[in-house]
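J.: First the structure, then my questions, so here it is.
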Protein chains: 2
Amino acid sequence: MKRNKPMQVAIVTLEAFNELDSFVASAIVNRAPGVQAAICCPSDCVTSMNGVRVVAQAPLEAVAEADAVLIGSGRRTRDYLEDASFLSRIKLDSSRQLIGAQCSGVLLLHRLGLIGTAATSDTTSTPLLQEWGVCVTGAPLHVEGNVATAGGCLSSQYLASWMLARMCGWQTAARIVRDVAPVGHQEEYVQRTSDLVKPTLLPIGPSS
Amino acid sequence: MKRNKPMQVAIVTLEAFNELDSFVASAIVNRAPGVQAAICCPSDCVTSMNGVRVVAQAPLEAVAEADAVLIGSGRRTRDYLEDASFLSRIKLDSSRQLIGAQCSGVLLLHRLGLIGTAATSDTTSTPLLQEWGVCVTGAPLHVEGNVATAGGCLSSQYLASWMLARMCGWQTAARIVRDVAPVGHQEEYVQRTSDLVKPTLLPIGPSS
């Protein structure tokens, strides 16, 4: 994946979004050399579930051009699920993009046709996924090919780490996990992430 | 601490701020009933170290009225350390406020006269603190009375948990840690936070 243009990661960030999803992921991803995350929103400005107003770094349509996409959760996801015009703006292709979602973001990913027979999510979104015939694993992270799902706000760190491991290799991902971990807990953080992410990596490593 | 008005937590968020500090803390604190966190900035709008523009929820001066204050880190902290007019806008009183800082935010707290003989921080800020005569413990969280310091981006969760434990009691803090933890890792997250926070709590619990 060596090239001059940074790899682009679109962080889908909607009205009433959860800061722990969008910002933990974007801050971790942005630490990787040659990788650039952008907060992608359906309008120029969105407001978090806690009333924090954030200016979009890119429009929702940037998702189509991104190398990787993460969809976080929020308090208004169920409205978005019913919004055909909103959904039509998100063009995903799991054959060429890495795609991840967490918590209610997994509902959106399912609606967009990207969830197979199994996924993971948080306890709030699990009943609806099960109603839709998805086997919810209850694991922090579940990976099928280029699509990863996660559950629980702070699982955003695992989604970001999985994505970095796929884009830049495990060593880079591990270095960044160590950099953002609480001091004194670095090795514990790397080990826990390794236990989740390493088994999901393809037997042949990234070409970088 | 029972009363009708929510307890106010000011999250000091400066130019080039680290999202992992301000937003992990604010998102966790905002989950507590009767507690309200606000992103407090030196101007109407600040831009994170990764180029995310955020609108202030309150001015820096709101710190003086808050029940609790958290100071995160950022890429421009060392400029702020030399800015007397900026520093004069932050009025802190550790006899009536809970105060926390992490990473380079600890440098600011020292400059404001709130750090005693010992603190913790990240590896980047540690040499300067040591030069100033502070013993840096290397622990994820260090608490002296009403002042807590932490090191490593994701130690923001420990600062927030300590603050909630002091304001609402350990049971509420533990419930919120469980709520934001990755699914499947909830008990591990609660246990690790408990190991850090519980020994710092006063023998007589909060009056709530």
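Within each chain, counting starts at residue 1; across the structure tokens, chains are named A, B, ... in the order shown, with ligands numbered 1 upward in that order.
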Report as a list in words all protein, DNA and RNA residues lying within 10 Å of His110 in chain A, evaluated on only C-alpha atoms, omitting residues in the same chain fewer than 2 positions from it.
T.: Leu81, Ala101, Gly105, Val106, Leu107, Leu108, Leu112, Gly113, Leu114, Ile115, Gly116, Ala119, Leu129, Trp132 and Val134 of chain A
J.: Once you count only C-alpha atoms, what closest atom pair and distance in Å to one decimal does each residue of chain A within 7 Å of chain B have, with rows by chain and rising residue number, as JSON lines?
T.:
```
{"residue": "A:Glu19", "atom": "CA", "partner": "B:Phe23", "partner_atom": "CA", "distance": 6.1}
{"residue": "A:Leu20", "atom": "CA", "partner": "B:Val24", "partner_atom": "CA", "distance": 5.8}
{"residue": "A:Phe23", "atom": "CA", "partner": "B:Glu19", "partner_atom": "CA", "distance": 6.1}
{"residue": "A:Val24", "atom": "CA", "partner": "B:Leu20", "partner_atom": "CA", "distance": 5.8}
{"residue": "A:Ala27", "atom": "CA", "partner": "B:Glu19", "partner_atom": "CA", "distance": 6.4}
{"residue": "A:Val52", "atom": "CA", "partner": "B:Gln57", "partner_atom": "CA", "distance": 6.8}
{"residue": "A:Arg53", "atom": "CA", "partner": "B:Val55", "partner_atom": "CA", "distance": 5.3}
{"residue": "A:Val54", "atom": "CA", "partner": "B:Val54", "partner_atom": "CA", "distance": 4.6}
{"residue": "A:Val55", "atom": "CA", "partner": "B:Arg53", "partner_atom": "CA", "distance": 5.3}
{"residue": "A:Gln57", "atom": "CA", "partner": "B:Val52", "partner_atom": "CA", "distance": 6.8}
{"residue": "A:Asp122", "atom": "CA", "partner": "B:Val183", "partner_atom": "CA", "distance": 6.5}
{"residue": "A:Gly138", "atom": "CA", "partner": "B:Val183", "partner_atom": "CA", "distance": 6.6}
{"residue": "A:Ala139", "atom": "CA", "partner": "B:Gly184", "partner_atom": "CA", "distance": 5.7}
{"residue": "A:Pro140", "atom": "CA", "partner": "B:Val183", "partner_atom": "CA", "distance": 4.9}
{"residue": "A:Gly151", "atom": "CA", "partner": "B:Val183", "partner_atom": "CA", "distance": 5.4}
{"residue": "A:Gly152", "atom": "CA", "partner": "B:Pro182", "partner_atom": "CA", "distance": 4.1}
{"residue": "A:Cys153", "atom": "CA", "partner": "B:Val180", "partner_atom": "CA", "distance": 4.9}
{"residue": "A:Leu154", "atom": "CA", "partner": "B:Pro182", "partner_atom": "CA", "distance": 5.3}
{"residue": "A:Ser155", "atom": "CA", "partner": "B:Pro182", "partner_atom": "CA", "distance": 4.6}
{"residue": "A:Val180", "atom": "CA", "partner": "B:Cys153", "partner_atom": "CA", "distance": 4.9}
{"residue": "A:Ala181", "atom": "CA", "partner": "B:Leu154", "partner_atom": "CA", "distance": 5.3}
{"residue": "A:Pro182", "atom": "CA", "partner": "B:Gly152", "partner_atom": "CA", "distance": 4.1}
{"residue": "A:Val183", "atom": "CA", "partner": "B:Pro140", "partner_atom": "CA", "distance": 4.9}
{"residue": "A:Gly184", "atom": "CA", "partner": "B:Ala139", "partner_atom": "CA", "distance": 5.7}
```
J.: Mind dumping the selected residues with C-alpha atoms as a PDB file, in the first residue's frame?
T.:
```pdb
ATOM      1  CA  GLU A  19     -17.868  11.262  21.087  1.00  0.00           C
ATOM      2  CA  LEU A  20     -16.234   8.059  22.365  1.00  0.00           C
ATOM      3  CA  PHE A  23     -12.986  10.772  18.442  1.00  0.00           C
ATOM      4  CA  VAL A  24     -11.232   7.798  20.008  1.00  0.00           C
ATOM      5  CA  ALA A  27      -7.368  10.301  17.246  1.00  0.00           C
ATOM      6  CA  VAL A  52     -20.766  19.496  21.511  1.00  0.00           C
ATOM      7  CA  ARG A  53     -20.880  21.177  18.079  1.00  0.00           C
ATOM      8  CA  VAL A  54     -18.254  19.934  15.649  1.00  0.00           C
ATOM      9  CA  VAL A  55     -17.427  21.202  12.165  1.00  0.00           C
ATOM     10  CA  GLN A  57     -13.861  17.808   7.993  1.00  0.00           C
ATOM     11  CA  ASP A 122     -23.704  -3.271  22.251  1.00  0.00           C
ATOM     12  CA  GLY A 138     -21.009 -10.716  22.235  1.00  0.00           C
ATOM     13  CA  ALA A 139     -17.268 -10.317  21.578  1.00  0.00           C
ATOM     14  CA  PRO A 140     -15.640  -6.852  21.757  1.00  0.00           C
ATOM     15  CA  GLY A 151     -19.578  -3.253  20.824  1.00  0.00           C
ATOM     16  CA  GLY A 152     -19.288  -0.887  23.788  1.00  0.00           C
ATOM     17  CA  CYS A 153     -18.154   2.735  23.413  1.00  0.00           C
ATOM     18  CA  LEU A 154     -14.469   2.194  24.139  1.00  0.00           C
ATOM     19  CA  SER A 155     -14.272  -0.690  21.647  1.00  0.00           C
ATOM     20  CA  VAL A 180      -2.171   6.239  23.709  1.00  0.00           C
ATOM     21  CA  ALA A 181      -2.459   3.796  26.638  1.00  0.00           C
ATOM     22  CA  PRO A 182      -2.410   5.024  30.233  1.00  0.00           C
ATOM     23  CA  VAL A 183       1.160   5.075  31.571  1.00  0.00           C
ATOM     24  CA  GLY A 184       1.910   1.897  33.474  1.00  0.00           C
TER      25      GLY A 184
END
```
J.: Need to verify the contact set: Ala58 in chain A, 10 Å, only C-alpha atoms, exclusion of same-chain residues closer than 4 positions in sequence. Can you return it as a PyMOL selection string?
T.: chain A and resi 10-12+37-44+62-63
J.: Mind dumping the selected residues with N, CA and C atoms as a short mmCIF file (atom, residue, chain, number, x, y, z; two decimals), in the first residue's frame?
T.:
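Result saved to again.cif:
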```cif
data_model
loop_
_atom_site.label_atom_id
_atom_site.label_comp_id
_atom_site.auth_asym_id
_atom_site.auth_seq_id
_atom_site.Cartn_x
_atom_site.Cartn_y
_atom_site.Cartn_z
N ALA A 10 -12.49 7.59 6.61
CA ALA A 10 -13.69 8.42 6.84
C ALA A 10 -14.36 7.96 8.13
N ILE A 11 -14.53 8.90 9.06
CA ILE A 11 -15.19 8.59 10.33
C ILE A 11 -16.61 9.17 10.24
N VAL A 12 -17.58 8.32 9.97
CA VAL A 12 -18.96 8.79 9.79
C VAL A 12 -19.51 9.27 11.14
N ALA A 37 -7.35 10.57 9.04
CA ALA A 37 -8.77 10.37 9.33
C ALA A 37 -9.51 11.69 9.18
N ALA A 38 -10.75 11.64 8.71
CA ALA A 38 -11.57 12.84 8.61
C ALA A 38 -12.95 12.56 9.19
N ILE A 39 -13.42 13.50 9.98
CA ILE A 39 -14.78 13.45 10.53
C ILE A 39 -15.73 13.80 9.38
N CYS A 40 -16.52 12.82 8.93
CA CYS A 40 -17.42 13.02 7.78
C CYS A 40 -18.86 13.12 8.28
N CYS A 41 -19.52 14.19 7.90
CA CYS A 41 -20.85 14.46 8.46
C CYS A 41 -21.87 14.72 7.36
N PRO A 42 -23.14 14.51 7.69
CA PRO A 42 -24.20 14.74 6.71
C PRO A 42 -24.48 16.23 6.46
N SER A 43 -23.93 17.10 7.31
CA SER A 43 -24.09 18.55 7.12
C SER A 43 -22.79 19.24 7.55
N ASP A 44 -22.73 20.56 7.40
CA ASP A 44 -21.49 21.28 7.69
C ASP A 44 -21.04 21.16 9.14
N ALA A 62 -17.65 11.74 1.02
CA ALA A 62 -16.23 11.39 0.99
C ALA A 62 -16.00 9.92 1.32
N VAL A 63 -17.01 9.30 1.93
CA VAL A 63 -16.95 7.89 2.27
C VAL A 63 -16.61 7.04 1.04
#
```
